[in-house]
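Participant: Okay, here's the structure, questions in a sec.
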Protein chains: 2
Amino acid sequence: MEVVLFLPLDFLFAGLSAGIKKNKKKDLGLIYSKRLCKVAGVFTRNRIKAAPVEITKQRIKKGTAQAVVVNSGNANACTGEKGKKDALLITRQVAQELKIKESLVLTASTGIIGKFLPCGKIVAKIPALTKSLHQENFEDFCQSILTTDTRIKQSSIRFKIGGKTVALAGAVKGAGMIAPSLATFLGFLLTDLAISPPLLQKALGMAVEESFNSITIDGEMSTNDTVLLLANGAAGNKKICQEDKDYFKFLSFLKKICLNLAYQIVQDGEGATKFVTVKVKSAPSLKAAQKIAFSVANSLLVKTALFGENPNWGRIISAVGQVNVPLHLNQIDIYFGQKKVVENGLAYSSPAQEMKKKEIKITIDLKMGSAEKTVYTSDLSPEYIRINAEYN
Amino acid sequence: MEVVLFLPLDFLFAGLSAGIKKNKKKDLGLIYSKRLCKVAGVFTRNRIKAAPVEITKQRIKKGTAQAVVVNSGNANACTGEKGKKDALLITRQVAQELKIKESLVLTASTGIIGKFLPCGKIVAKIPALTKSLHQENFEDFCQSILTTDTRIKQSSIRFKIGGKTVALAGAVKGAGMIAPSLATFLGFLLTDLAISPPLLQKALGMAVEESFNSITIDGEMSTNDTVLLLANGAAGNKKICQEDKDYFKFLSFLKKICLNLAYQIVQDGEGATKFVTVKVKSAPSLKAAQKIAFSVANSLLVKTALFGENPNWGRIISAVGQVNVPLHLNQIDIYFGQKKVVENGLAYSSPAQEMKKKEIKITIDLKMGSAEKTVYTSDLSPEYIRINAEYN
């Protein structure tokens with residue numbers, strides 16, 4: 001199946017190998033917009049932030065940017081002052097080659113923590129990187145940001161805003177360390193829409209909450225998580241400056257793309273064999289629903305049971321009960337797919353057949369209120385351990 | 001190596017197979033004291049509590065007990081009113097056979113959640129169980145409480161209080177689902193000391209906090225966790241009624257036994273190949289130290305790296321930073337054993353040799369205050385997943 005790409009106007013891409021990874025795979029990527037972009041970003045809440053996160057977080061404060069340089073294979077985290085200097089040197093070199101202001105170049109890194117970037121190798125490749133910028137190199141860029149991912153993750157869509165055609169495209173890397181409040185997760189969203197920075201930031205925050213912040217592979221939150229949304233206005237629409245119908249139209253497509261990318265991350269979770277949706281409904285509050293949904297989705301016992309196609313709903317109930325939320329056990333219903341397996345806290349029917357499916361939806365009905373939360377996760381297989389025992 | 005057992009006076013034990021487990025292993029156990037005991041208990045904080053937990057929690061409120069009947073192979077959790085009736089029927093039968101008041105019989109269960117107890121089988125075996133009560137059957141009892149444990153876990157000690165010889169013995173079951181706030185963990189501590197119930201409860205609470213509540217295998221907290229401490233006064237010491245030197249002497253031995261049993265649980269953690277100590281020192285508060293220690297000890301990425309003997313300290317730093325505690329990254333030191341691997345947040349030396357050891361001690365020095373916390377855990381191996389994918 002060929003995937004049709006809808007790339008926004010005036011964005012160029014590049015991706016090549018700078019020798020950061022030992023296996024000669026692509027590890028250095030660049031996004032460049034011919035026009036100045038409005039920019040929004042969401043970053044890791046880990047107290048330990050990598051050097052590129054600190055720099056990019058600072059630079060997007062003024063709301064504009066024009067390029068993003070990304071490397072994989074090394075996180076440039078826990079690298080102190082030298083790490084910061086290295087990241088600044090790289091953005092400075094990119095700015096010089098592109099002939100733009102250094103402050104308009106953003107940066108992100110992913111890979112091993114605590115080692116210095118091979119800065120010489122990277123700087124040496126920057127001229128070749130900028131020279132290879134082209135709209136058709138989007139896939140090269142997508143490849144250059146991967147670590148233990150087994151495939152590229154991209155999604156795009158085209159829609160009309162005020163009679164103008166707008167494109168929105170996204171590329172992410174996921175794999176391990178995927179958890180709420182982001183993950184070793186890098187996400188880059190690009191659009192040619194014209195929109196004000198505050199609305200861009202608001203839309204990104206909402207879309208991230210329902211997508212990237214609603215997935216979990218292993219409960220980890222990395223030092224490097226970054227999602228950036230750049231909008232260069234090349235579509236020529238009347239600039240969106242308030243929460244009107246155009247804004248909500250854009251928001252709905254942004255959510256769609258983010259959710260699609262989030263699905264792809266879970267489907268490619270390290271060692272994943274199942275795609276699992278956990279929905280908590282009729283909760284007393286959104287916070288309660290979130291806590292319970294993530295407690296179930298992060299439970300090693302639930303995840304290993306799912307890998308074993310073992311209909312052990314007791315582990316789900318136990319994960320529900322671990323959360324500090326008052327519950328009425330004798331009201332809880334649990335469904336696997338459409339099949340009710342627990343009614344009012346007691347066994348109701350066996351979901352053995354449901355367990356064999358590749359996609360499993362667990363619904364937990366608390367019958368206490370009207371709040372609900374859906375999160376997405378994978379099972380836990382021995383392959384996850386193999387990958388993470390060996391990763392350097 | 002033969003283990004010398006110091007069993008307290010006037011306690012009798014029994015353990016046999018009632019056919020709850022499919023493999024004919026022992027699954028029904030009984031502790032009986034010839035004298036009325038003072039009793040203390042600590043229970044799961046899971047919101048979903050098994051029937052036996054509800055009953056025992058209620059019964060120990062008056063501070064006395066004389067017998068404990070335990071089954072493995074079935075947790076009698078999420079079994080509603082029938083579950084409660086089943087548990088009550090079992091304690092009633094035990095009381096009748098022992099000719100004691102029903103309210104003096106406590107109970108605990110461990111095993112699969114959501115299935116009704118095979119109550120007929122159990123009741124039929126109670127006469128044989130009570131008839132086989134004997135001081136020398138302590139090991140039978142220890143076996144009868146196991147689930148996926150690969151070996152029995154017991155510890156005992158003898159010491160003098162006011163010129164009298166006092167014995168303290170404990171038996172636990174652990175294996176999986178081991179986490180702070182207990183685990184699918186059952187623990188039974190028995191002593192012939194004379195002590196008042198409030199002091200017994202206070203001592204148990206303190207000993208549990210530093211031992212069973214400081215271990216974690218997989219971050220799970222079960223519906224059935226129970227630890228009971230029975231003291232029958234047969235040693236003939238002057239009853240301890242205040243926090244005097246006798247109390248503190250007993251407390252120190254109680255802590256020692258509990259810590260020894262906690263070690264045994266971690267060493268027999270499902271699939272464990274390493275015994276890992278995580279110490280957080282110079283933290284701004286005890287709460288901060290606890291949060292950070294458990295964040296590191298529960299991190300799948302840290303645990304898989306330990307399994308792989310991979311000195312990936314970046315994952316430790318990342319787990320530290322996931323906790324919502326203000327940190328100074330550029331002050332943090334990390335040691336593997338005596339070897340400093342991170343100094344002031346930066347790589348210092350490689351701990352490759354330390355990683356090959358069977359016991360690994362990770363020390364995280366925050367240099368922020370004077371609080372500290374030590375927790376104990378294991379690595380995470382593919383064997384953990386195999387066990388938990390198949391467990392029914």
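Chain labels A, B, ... are given in the sequence in which chains occur in the structure tokens; within each chain residues are numbered consecutively from 1, and ligands are likewise numbered from 1 in the order shown.
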Find the residues of chain A in contact range of chain B, meaning any atom within 6 Å when counting only C-alpha atoms, and list them as JSON, numbers by chain.

Facilitator: {"A": [46, 47, 48, 78, 79, 113, 114, 304, 305, 308, 314, 321, 322, 345, 346, 382, 385, 388, 389]}

Participant: Please produce a file of the residues just selected, as a compact mmCIF listing (two decimals), in the first residue's frame, where the atoms kept are all heavy atoms.

Facilitator:
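Written file, selection.txt:
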# COMPACT_ATOMS: atom_id res chain seq x y z
N ASN A 46 10.56 15.54 32.68
CA ASN A 46 11.66 14.98 33.46
C ASN A 46 12.51 16.14 33.99
O ASN A 46 12.78 17.09 33.28
CB ASN A 46 12.52 14.07 32.58
CG ASN A 46 13.46 13.17 33.39
OD1 ASN A 46 14.20 13.64 34.24
ND2 ASN A 46 13.39 11.88 33.13
N ARG A 47 12.88 16.04 35.30
CA ARG A 47 13.67 17.11 35.91
C ARG A 47 15.05 17.23 35.26
O ARG A 47 15.70 18.26 35.33
CB ARG A 47 13.86 16.83 37.41
CG ARG A 47 12.57 16.90 38.19
CD ARG A 47 12.33 18.32 38.65
NE ARG A 47 11.01 18.43 39.24
CZ ARG A 47 10.56 19.54 39.82
NH1 ARG A 47 11.32 20.61 39.89
NH2 ARG A 47 9.35 19.57 40.32
N ILE A 48 15.52 16.12 34.70
CA ILE A 48 16.81 16.10 34.02
C ILE A 48 16.52 16.33 32.54
O ILE A 48 15.91 15.48 31.89
CB ILE A 48 17.52 14.75 34.20
CG1 ILE A 48 17.44 14.26 35.65
CG2 ILE A 48 18.94 14.80 33.67
CD1 ILE A 48 18.37 14.90 36.62
N CYS A 78 22.89 14.86 30.22
CA CYS A 78 23.88 14.67 31.28
C CYS A 78 25.28 14.87 30.72
O CYS A 78 26.19 14.07 30.99
CB CYS A 78 23.76 13.29 31.93
SG CYS A 78 22.14 13.01 32.62
N THR A 79 25.44 15.92 29.96
CA THR A 79 26.73 16.21 29.34
C THR A 79 27.22 17.59 29.74
O THR A 79 28.20 18.09 29.18
CB THR A 79 26.60 16.12 27.80
OG1 THR A 79 25.41 16.84 27.42
CG2 THR A 79 26.49 14.70 27.33
N ILE A 113 22.31 8.30 26.91
CA ILE A 113 22.51 9.42 27.83
C ILE A 113 23.94 9.38 28.36
O ILE A 113 24.50 8.30 28.59
CB ILE A 113 21.50 9.30 29.00
CG1 ILE A 113 20.07 9.43 28.49
CG2 ILE A 113 21.79 10.33 30.08
CD1 ILE A 113 19.01 9.17 29.57
N GLY A 114 24.53 10.55 28.58
CA GLY A 114 25.78 10.62 29.34
C GLY A 114 27.04 10.55 28.52
O GLY A 114 28.13 10.46 29.08
N THR A 304 2.04 -8.64 30.84
CA THR A 304 2.55 -9.98 30.56
C THR A 304 1.39 -10.95 30.32
O THR A 304 1.50 -11.85 29.50
CB THR A 304 3.45 -10.50 31.71
OG1 THR A 304 2.77 -10.33 32.95
CG2 THR A 304 4.76 -9.74 31.75
N ALA A 305 0.27 -10.74 31.03
CA ALA A 305 -0.91 -11.59 30.80
C ALA A 305 -1.41 -11.39 29.36
O ALA A 305 -1.78 -12.36 28.68
CB ALA A 305 -2.01 -11.28 31.80
N GLY A 308 0.67 -13.25 27.04
CA GLY A 308 0.37 -14.67 27.14
C GLY A 308 -1.06 -15.03 26.72
O GLY A 308 -1.48 -16.17 26.86
N GLY A 314 -8.33 -10.50 36.96
CA GLY A 314 -7.99 -10.20 38.35
C GLY A 314 -6.84 -9.20 38.43
O GLY A 314 -6.80 -8.34 39.31
N GLY A 321 -7.36 -1.10 41.67
CA GLY A 321 -7.40 -0.86 43.12
C GLY A 321 -6.14 -0.25 43.70
O GLY A 321 -6.15 0.25 44.82
N GLN A 322 -5.05 -0.29 42.93
CA GLN A 322 -3.79 0.29 43.42
C GLN A 322 -3.82 1.80 43.44
O GLN A 322 -2.99 2.45 44.06
CB GLN A 322 -2.62 -0.16 42.55
CG GLN A 322 -2.25 -1.61 42.80
CD GLN A 322 -0.98 -1.99 42.08
OE1 GLN A 322 0.00 -1.29 42.11
NE2 GLN A 322 -1.01 -3.14 41.44
N GLY A 345 -18.14 -6.41 39.79
CA GLY A 345 -16.98 -6.90 40.54
C GLY A 345 -16.81 -8.40 40.54
O GLY A 345 -15.87 -8.92 41.15
N LEU A 346 -17.71 -9.13 39.88
CA LEU A 346 -17.63 -10.60 39.88
C LEU A 346 -17.46 -11.14 38.46
O LEU A 346 -17.90 -10.53 37.49
CB LEU A 346 -18.93 -11.18 40.48
CG LEU A 346 -19.19 -10.84 41.95
CD1 LEU A 346 -20.57 -11.34 42.36
CD2 LEU A 346 -18.11 -11.47 42.84
N PRO A 382 9.21 -10.91 26.05
CA PRO A 382 10.64 -11.10 26.32
C PRO A 382 11.52 -10.28 25.37
O PRO A 382 12.62 -9.89 25.72
CB PRO A 382 10.84 -12.61 26.09
CG PRO A 382 9.50 -13.21 26.33
CD PRO A 382 8.51 -12.19 25.83
N ILE A 385 12.74 -7.04 26.75
CA ILE A 385 13.88 -7.17 27.65
C ILE A 385 15.16 -7.38 26.86
O ILE A 385 16.19 -6.78 27.15
CB ILE A 385 13.63 -8.31 28.66
CG1 ILE A 385 12.48 -7.86 29.57
CG2 ILE A 385 14.89 -8.63 29.45
CD1 ILE A 385 12.06 -8.87 30.58
N ASN A 388 16.29 -4.08 25.50
CA ASN A 388 16.76 -3.11 26.47
C ASN A 388 17.92 -3.60 27.32
O ASN A 388 18.60 -2.82 27.97
CB ASN A 388 15.60 -2.64 27.34
CG ASN A 388 14.79 -1.63 26.58
OD1 ASN A 388 15.28 -0.56 26.29
ND2 ASN A 388 13.58 -2.01 26.20
N ALA A 389 18.15 -4.91 27.32
CA ALA A 389 19.33 -5.42 28.03
C ALA A 389 20.57 -5.13 27.21
O ALA A 389 21.66 -4.96 27.75
CB ALA A 389 19.19 -6.92 28.27

Participant: Within 10 Å of Val39 (chain B), counting only C-alpha atoms, which residues qualify if same-chain residues fewer than 3 places away don't, as a VMD selection string?

Facilitator: chain B and resid 36 59 to 66 189 to 190 195 to 198 200 to 201 204 228 to 232

Participant: Using N, CA, C and O atoms, can you export the residues from the last selection as an mmCIF file, in the first residue's frame?

Facilitator:
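What follows is the written file again03.cif:
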data_model
loop_
_atom_site.group_PDB
_atom_site.id
_atom_site.type_symbol
_atom_site.label_atom_id
_atom_site.label_comp_id
_atom_site.auth_asym_id
_atom_site.auth_seq_id
_atom_site.Cartn_x
_atom_site.Cartn_y
_atom_site.Cartn_z
ATOM 1 N N LEU B 36 -3.652 -17.855 74.268
ATOM 2 C CA LEU B 36 -4.188 -16.695 73.572
ATOM 3 C C LEU B 36 -3.030 -15.750 73.234
ATOM 4 O O LEU B 36 -2.155 -15.522 74.070
ATOM 5 N N ARG B 59 -11.042 -8.677 62.651
ATOM 6 C CA ARG B 59 -10.872 -9.516 63.853
ATOM 7 C C ARG B 59 -9.693 -9.104 64.723
ATOM 8 O O ARG B 59 -9.724 -9.324 65.927
ATOM 9 N N ILE B 60 -8.639 -8.563 64.126
ATOM 10 C CA ILE B 60 -7.474 -8.233 64.973
ATOM 11 C C ILE B 60 -7.703 -6.943 65.756
ATOM 12 O O ILE B 60 -6.889 -6.591 66.609
ATOM 13 N N LYS B 61 -8.814 -6.252 65.465
ATOM 14 C CA LYS B 61 -9.060 -4.970 66.137
ATOM 15 C C LYS B 61 -9.076 -5.112 67.658
ATOM 16 O O LYS B 61 -8.668 -4.205 68.371
ATOM 17 N N LYS B 62 -9.559 -6.244 68.156
ATOM 18 C CA LYS B 62 -9.592 -6.390 69.621
ATOM 19 C C LYS B 62 -8.243 -6.812 70.194
ATOM 20 O O LYS B 62 -8.080 -6.913 71.404
ATOM 21 N N GLY B 63 -7.238 -7.072 69.304
ATOM 22 C CA GLY B 63 -5.871 -7.272 69.782
ATOM 23 C C GLY B 63 -5.507 -8.690 70.176
ATOM 24 O O GLY B 63 -4.395 -8.932 70.640
ATOM 25 N N THR B 64 -6.435 -9.643 70.027
ATOM 26 C CA THR B 64 -6.114 -11.028 70.381
ATOM 27 C C THR B 64 -6.484 -12.000 69.258
ATOM 28 O O THR B 64 -7.384 -11.729 68.464
ATOM 29 N N ALA B 65 -5.779 -13.114 69.228
ATOM 30 C CA ALA B 65 -6.041 -14.170 68.245
ATOM 31 C C ALA B 65 -5.359 -15.439 68.717
ATOM 32 O O ALA B 65 -4.530 -15.409 69.649
ATOM 33 N N GLN B 66 -5.716 -16.561 68.097
ATOM 34 C CA GLN B 66 -5.092 -17.809 68.536
ATOM 35 C C GLN B 66 -4.727 -18.753 67.391
ATOM 36 O O GLN B 66 -3.969 -19.700 67.594
ATOM 37 N N LEU B 189 4.608 -13.728 61.570
ATOM 38 C CA LEU B 189 5.680 -13.604 62.544
ATOM 39 C C LEU B 189 5.150 -14.054 63.890
ATOM 40 O O LEU B 189 4.053 -13.649 64.308
ATOM 41 N N LEU B 190 5.922 -14.887 64.556
ATOM 42 C CA LEU B 190 5.448 -15.531 65.777
ATOM 43 C C LEU B 190 6.487 -15.386 66.861
ATOM 44 O O LEU B 190 7.675 -15.632 66.619
ATOM 45 N N ILE B 195 3.907 -8.914 75.491
ATOM 46 C CA ILE B 195 3.943 -7.498 75.095
ATOM 47 C C ILE B 195 2.514 -7.012 74.883
ATOM 48 O O ILE B 195 1.634 -7.802 74.513
ATOM 49 N N SER B 196 2.277 -5.721 75.107
ATOM 50 C CA SER B 196 0.920 -5.188 74.943
ATOM 51 C C SER B 196 0.601 -5.012 73.466
ATOM 52 O O SER B 196 1.494 -4.732 72.667
ATOM 53 N N PRO B 197 -0.670 -5.164 73.074
ATOM 54 C CA PRO B 197 -1.045 -5.027 71.662
ATOM 55 C C PRO B 197 -0.630 -3.710 71.011
ATOM 56 O O PRO B 197 -0.129 -3.722 69.887
ATOM 57 N N PRO B 198 -0.783 -2.540 71.675
ATOM 58 C CA PRO B 198 -0.396 -1.306 70.971
ATOM 59 C C PRO B 198 1.097 -1.275 70.632
ATOM 60 O O PRO B 198 1.485 -0.831 69.551
ATOM 61 N N LEU B 200 2.978 -3.927 70.214
ATOM 62 C CA LEU B 200 3.188 -4.952 69.191
ATOM 63 C C LEU B 200 2.896 -4.355 67.814
ATOM 64 O O LEU B 200 3.652 -4.540 66.854
ATOM 65 N N GLN B 201 1.788 -3.611 67.722
ATOM 66 C CA GLN B 201 1.396 -2.999 66.450
ATOM 67 C C GLN B 201 2.412 -1.939 66.029
ATOM 68 O O GLN B 201 2.801 -1.859 64.864
ATOM 69 N N LEU B 204 5.573 -3.657 64.763
ATOM 70 C CA LEU B 204 5.360 -4.282 63.453
ATOM 71 C C LEU B 204 5.362 -3.222 62.359
ATOM 72 O O LEU B 204 5.992 -3.395 61.310
ATOM 73 N N LEU B 228 1.056 -10.622 59.678
ATOM 74 C CA LEU B 228 0.519 -10.759 61.034
ATOM 75 C C LEU B 228 1.662 -11.072 61.997
ATOM 76 O O LEU B 228 2.588 -11.806 61.656
ATOM 77 N N LEU B 229 1.588 -10.500 63.175
ATOM 78 C CA LEU B 229 2.568 -10.776 64.231
ATOM 79 C C LEU B 229 1.803 -11.237 65.469
ATOM 80 O O LEU B 229 0.984 -10.490 66.007
ATOM 81 N N LEU B 230 2.043 -12.475 65.879
ATOM 82 C CA LEU B 230 1.360 -13.052 67.037
ATOM 83 C C LEU B 230 2.354 -13.242 68.185
ATOM 84 O O LEU B 230 3.443 -13.788 67.968
ATOM 85 N N ALA B 231 1.973 -12.798 69.375
ATOM 86 C CA ALA B 231 2.856 -12.913 70.539
ATOM 87 C C ALA B 231 2.063 -13.591 71.662
ATOM 88 O O ALA B 231 1.050 -13.059 72.117
ATOM 89 N N ASN B 232 2.512 -14.786 72.101
ATOM 90 C CA ASN B 232 1.688 -15.543 73.065
ATOM 91 C C ASN B 232 2.172 -15.472 74.524
ATOM 92 O O ASN B 232 1.555 -16.061 75.410
#

Participant: Pull the alpha helix (DSSP H) assignments for region 55-162 of chain B out of DSSP run on the backbone, and list those residues as an NGL selection string.

Facilitator: :B and (55-59 or 80-98 or 119-131 or 138-144)

Participant: Could you list, as a PDB file with N, CA and C atoms, in the first residue's frame, every residue within 7 Å of Cys258 (chain A), counting only C-alpha atoms and ignoring same-chain residues fewer than 2 positions away?

Facilitator:
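Produced file result-v3.pdb, reproduced below:
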ATOM      1  N   ALA A 207      -3.791  18.679  21.408  1.00  0.00           N
ATOM      2  CA  ALA A 207      -3.599  17.485  20.575  1.00  0.00           C
ATOM      3  C   ALA A 207      -2.637  16.503  21.252  1.00  0.00           C
ATOM      4  N   VAL A 208      -1.587  17.016  21.886  1.00  0.00           N
ATOM      5  CA  VAL A 208      -0.597  16.151  22.544  1.00  0.00           C
ATOM      6  C   VAL A 208      -1.237  15.411  23.716  1.00  0.00           C
ATOM      7  N   SER A 211      -3.126  12.409  22.580  1.00  0.00           N
ATOM      8  CA  SER A 211      -2.420  11.451  21.710  1.00  0.00           C
ATOM      9  C   SER A 211      -1.119  10.996  22.376  1.00  0.00           C
ATOM     10  N   LEU A 254      -5.259  18.328  13.449  1.00  0.00           N
ATOM     11  CA  LEU A 254      -4.015  18.171  14.208  1.00  0.00           C
ATOM     12  C   LEU A 254      -4.134  16.984  15.179  1.00  0.00           C
ATOM     13  N   LYS A 255      -5.291  16.907  15.860  1.00  0.00           N
ATOM     14  CA  LYS A 255      -5.527  15.778  16.774  1.00  0.00           C
ATOM     15  C   LYS A 255      -5.467  14.453  16.018  1.00  0.00           C
ATOM     16  N   LYS A 256      -6.065  14.453  14.836  1.00  0.00           N
ATOM     17  CA  LYS A 256      -6.128  13.236  14.029  1.00  0.00           C
ATOM     18  C   LYS A 256      -4.721  12.756  13.661  1.00  0.00           C
ATOM     19  N   ASN A 260      -2.866   9.418  15.044  1.00  0.00           N
ATOM     20  CA  ASN A 260      -2.365   8.437  14.089  1.00  0.00           C
ATOM     21  C   ASN A 260      -0.886   8.128  14.350  1.00  0.00           C
ATOM     22  N   LEU A 261      -0.103   9.161  14.605  1.00  0.00           N
ATOM     23  CA  LEU A 261       1.318   8.960  14.902  1.00  0.00           C
ATOM     24  C   LEU A 261       1.499   8.219  16.230  1.00  0.00           C
ATOM     25  N   ALA A 262       0.651   8.547  17.224  1.00  0.00           N
ATOM     26  CA  ALA A 262       0.720   7.870  18.528  1.00  0.00           C
ATOM     27  C   ALA A 262       0.428   6.372  18.372  1.00  0.00           C
TER      28      ALA A 262
END
